[in-house]
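**Student:** Okay, handing you the structure first.
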Amino acid sequence: MNKFCDLLGIDVPIVCAPFGPWDQVDLAAAVCAAGALGSLGTAVRPLPELREQWARLRDRTDRPFAINHTIRPLDEEAFAATLRFHPDVVSFHLGVCPDLIVRAHDAGIPWMQQVVDRAQAEQALAAGADVLIAQGGEAGGNGGFVSTMVLVPQLVDLAGDVPVVAAGGIADGRGLAAALSLGASGVVMGTRFLASDEMAISADWKLRILAADAVDAVKVPNADRVLPPTNRPGGPPTQPRMLRTPLTEALTTRPDTVDPAVTVPEVLAALRGGRGDEYIPFAGQTVGLIDDVRPAADIVRSVLDGAAAALTIATARSREFTPSPTVH
C-alpha cells in the first residue's frame, strides 16, 4: 500500500503542481479523472474568481484535489475561504506557517508542505505537516538549490511515517521510478503538465517548452523586483527558474534598469490575462525531456507505464550486482 495515496484517497502517486494565477481547472479535472491529484493555485487572483474556479472544479470531479497557498502573497481572506470550502488537502510553499497548519487541521484538512532543504523540512514536521514535498533545485518556479537526488533521501530518513513526495526534474516514468527507489511515496510534476492540452496557458509558452533544452531553464536572480512580495517571514533563499526573456536577462545582468513601478503592473496584468510567458515563463530543467503536448490522462498513463518498465529493468540489473552465496 502507498501511504501517500491512502492518506489523500487517490489511486496514482502523482500530483499536478499548482500554477499560481493561471486557470488550471480543466487540467486539474483531467488529472483527477486519471486517478492522480489535481491542484489549483490562488496567487494574485481575487476571491470571487477563486471561488468560481473551486466550484467549477468540484462540479467537474468528485475526486480529491488540492488548493495551494503561498506567502507570496498570503491572502488571508482567500485562505479562510479555502478552509470553509474544505478541499481534500491544502498545499503550501515558500515558507512554513505553523498557525496556518493548525487552522487547517482544526478544519479537518491535511497539510502538504513543500520544502527545499532539511532545515525547512524539520520546521514543517515540527509544525505538523502531513506530507512533505521535497522540491529539488531542478524545478521550475520558486525553489531552492539542493538537487532532488540529494534532498529526497535526506527527507525520507528524517520524516519517519510522514510521506515524502519528490518534485523537480521529474517528467516521465523513469523519474517516478527513481523517486520511489529513493524512498518517496510519489512525485509532483509541474513543467510536464504545463505542456498538456488542458493547461490554459499560451501556445507560445508550450512551444517554448518543447523547443528548450535543460540548460535553457535558468535561475533568475533579483526576481523579487517584479514578483509579488512575501507578507510573512520567508524560508531559506530561493530563486525562480524560468526560460529566458528580455526581462529575465535584464534582472540577471542589469537589475537596476528594471523599474518595479512600471514592470510589476505589466506583469500582473499579463498574468491575470492568462499570459505572462513574455515576461516570466516558469519552467524546470525537465524541458529537456518534453517533446510533445498531449492530454493529461495520457501523461499520467505514460508515467505509470514508464515507471513500471524502469523498475523492471532496474530489478534485472540489480541482480548483476547481487553477491553469490559463499560456498563452504
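Chain lettering (A, B, ...) mirrors the order of the C-alpha cells, residue numbering begins at 1 for each chain separately, and ligand numbering begins at 1 in order of display.
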I want to know what sits within 12 Å of Ala34 in chain A, based on only C-alpha atoms, with residues of the same chain fewer than 6 positions away left out; could you give that as a PyMOL selection string?
**Tutor:** chain A and resi 10-16+27-28+61+63-64+295-304
**Student:** Name the residues in contact with range 39-48 of chain A at a cut-off of 8 Å, using only C-alpha atoms, excluding same-chain residues fewer than 4 positions from it; report them as a list of chain:residue names.
**Tutor:**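 Returned residues: A:Val15, A:Cys16, A:Ala17, A:Pro18, A:Phe19, A:Gly20, A:Pro21, A:Trp22, A:Asp23, A:Gln24, A:Val25, A:Ala28, A:Glu52, A:Trp54, A:Phe65, A:Ala66, A:Ile67, A:Asn68, A:His69, A:Thr70, A:Arg72, A:Pro73, A:Leu74, A:Glu77, A:Ala78, A:Leu268, A:Arg272.
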**Student:** Would you mind exporting C-alpha atoms of the selected residues as a tab-separated table (two decimals), in the first residue's frame?
**Tutor:**
chain	number	residue	atom	x	y	z
A	15	VAL	CA	0.47	15.30	-8.13
A	16	CYS	CA	-0.03	18.04	-10.69
A	17	ALA	CA	1.70	21.14	-9.33
A	18	PRO	CA	-0.32	24.31	-8.73
A	19	PHE	CA	0.34	27.10	-11.23
A	20	GLY	CA	-0.45	30.20	-9.22
A	21	PRO	CA	-2.52	32.73	-11.14
A	22	TRP	CA	-3.18	30.63	-14.25
A	23	ASP	CA	-6.54	28.89	-14.65
A	24	GLN	CA	-5.93	25.16	-14.43
A	25	VAL	CA	-9.45	23.88	-13.72
A	28	ALA	CA	-6.94	19.59	-12.57
A	52	GLU	CA	-15.68	30.35	-9.19
A	54	TRP	CA	-13.21	25.95	-6.92
A	65	PHE	CA	-7.86	17.78	-5.22
A	66	ALA	CA	-5.59	20.33	-3.54
A	67	ILE	CA	-5.82	24.09	-3.16
A	68	ASN	CA	-2.46	25.80	-2.87
A	69	HIS	CA	-1.42	28.89	-0.94
A	70	THR	CA	1.89	30.67	-0.58
A	72	ARG	CA	3.99	35.33	-1.91
A	73	PRO	CA	1.49	36.73	-1.19
A	74	LEU	CA	-0.65	35.14	1.51
A	77	GLU	CA	-9.30	36.18	3.15
A	78	ALA	CA	-8.70	33.56	0.46
A	268	LEU	CA	0.37	41.25	-13.14
A	272	ARG	CA	-4.35	37.83	-14.94
**Student:** Rounded to one decimal place, report the CA of Leu210 in chain A-CA of Ile290 in chain A distance in Å.
**Tutor:**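 Distance between the two atoms: 5.8 Å.
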**Student:** With only C-alpha atoms as the basis for distance, which of A:Ala104, A:Glu49, A:Pro98, A:Asp62 is at the shortest distance from Phe79 in chain A?
**Tutor:**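 Of A:Ala104, A:Glu49, A:Pro98, A:Asp62, the one nearest Phe79 in chain A, counting only C-alpha atoms, is A:Ala104.
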**Student:** List the spatial neighbours of Asp292 in chain A as a PyMOL selection string - criterion: any atom at most 10 Å away, only C-alpha atoms, same-chain residues fewer than 6 positions off excluded.
**Tutor:** chain A and resi 192+195-197+206-207+209-211
**Student:** Would you save the residues from that selection as a short mmCIF file (atom, residue, chain, number, x, y, z; two decimals), in the first residue's frame, using C-alpha atoms?
**Tutor:**
data_model
loop_
_atom_site.label_atom_id
_atom_site.label_comp_id
_atom_site.auth_asym_id
_atom_site.auth_seq_id
_atom_site.Cartn_x
_atom_site.Cartn_y
_atom_site.Cartn_z
CA ARG A 192 5.34 18.28 -17.83
CA ALA A 195 2.79 21.10 -21.80
CA SER A 196 -0.63 19.45 -21.75
CA ASP A 197 -3.69 20.00 -23.89
CA LYS A 206 4.06 25.39 -24.64
CA LEU A 207 6.06 25.60 -27.86
CA ILE A 209 8.94 24.21 -23.56
CA LEU A 210 9.13 21.76 -26.47
CA ALA A 211 11.99 23.67 -28.11
#
**Student:** Could you please determine the separation between CA of Leu251 in chain A and CA of Arg225 in chain A in Å, to one decimal place?
**Tutor:**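 According to the coordinates, CA of Leu251 in chain A and CA of Arg225 in chain A are separated by 8.1 Å.
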**Student:** Would you please give, as number ranges by chain, all residues of range 62-242 of chain A that DSSP assigns to helix (DSSP H, G or I) based on the backbone?
**Tutor:** A: 76-85, 98-106, 118-127, 148-159, 173-181, 191-194, 203-211, 214-216, 223-225
**Student:** Check the smallest atom-to-atom distance from each of A:Gly273, A:Gly136, A:Gly95, A:Pro281 to Val220 in chain A using only C-alpha atoms, then report the winner.
**Tutor:** A:Pro281
**Student:** Report the distance between CA of Arg232 in chain A and CA of Gln135 in chain A in Å, rounded to one decimal place.
**Tutor:**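 We find that CA of Arg232 in chain A and CA of Gln135 in chain A lie 20.4 Å from each other.
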**Student:** Give the strand (DSSP E) residues of range 72-273 of chain A, as DSSP finds them on the backbone, and put them as an MDAnalysis selection string.
**Tutor:** chainID A and resid 89:93 111:115 131:135 141:143 164:167 186:189 217:219 239:243
**Student:** Find, counting only C-alpha atoms, the residue in A:Asp117, A:Asp99, A:Asp59, A:Glu122 that gets nearest to Gly143 in chain A.
**Tutor:** A:Asp117
**Student:** Hey, what's within 6 Å of Val287 in chain A if we count only C-alpha atoms and toss same-chain stuff fewer than 6 positions away? As a VMD selection string, please?
**Tutor:** chain A and resid 209 212 to 214
**Student:** List the spatial neighbours of Asn142 in chain A as a PyMOL selection string - criterion: any atom at most 8 Å away, only C-alpha atoms, same-chain residues fewer than 6 positions off excluded.
**Tutor:** chain A and resi 94+238-241
**Student:** Env of range 277-279 of chain A: 12 Å cut, atoms = only C-alpha atoms, seq-sep filter 2 positions within chain, self excluded. Answer as a ChimeraX atom specification.
**Tutor:** /A:22,194,201-209,220,223,226-227,242-251,258,263-275,281-283
**Student:** Show me, as a count of residues only, the residues that have an atom within 9 Å of Ala107 in chain A when counting only C-alpha atoms, minus same-chain residues fewer than 5 positions from it.
**Tutor:** 4
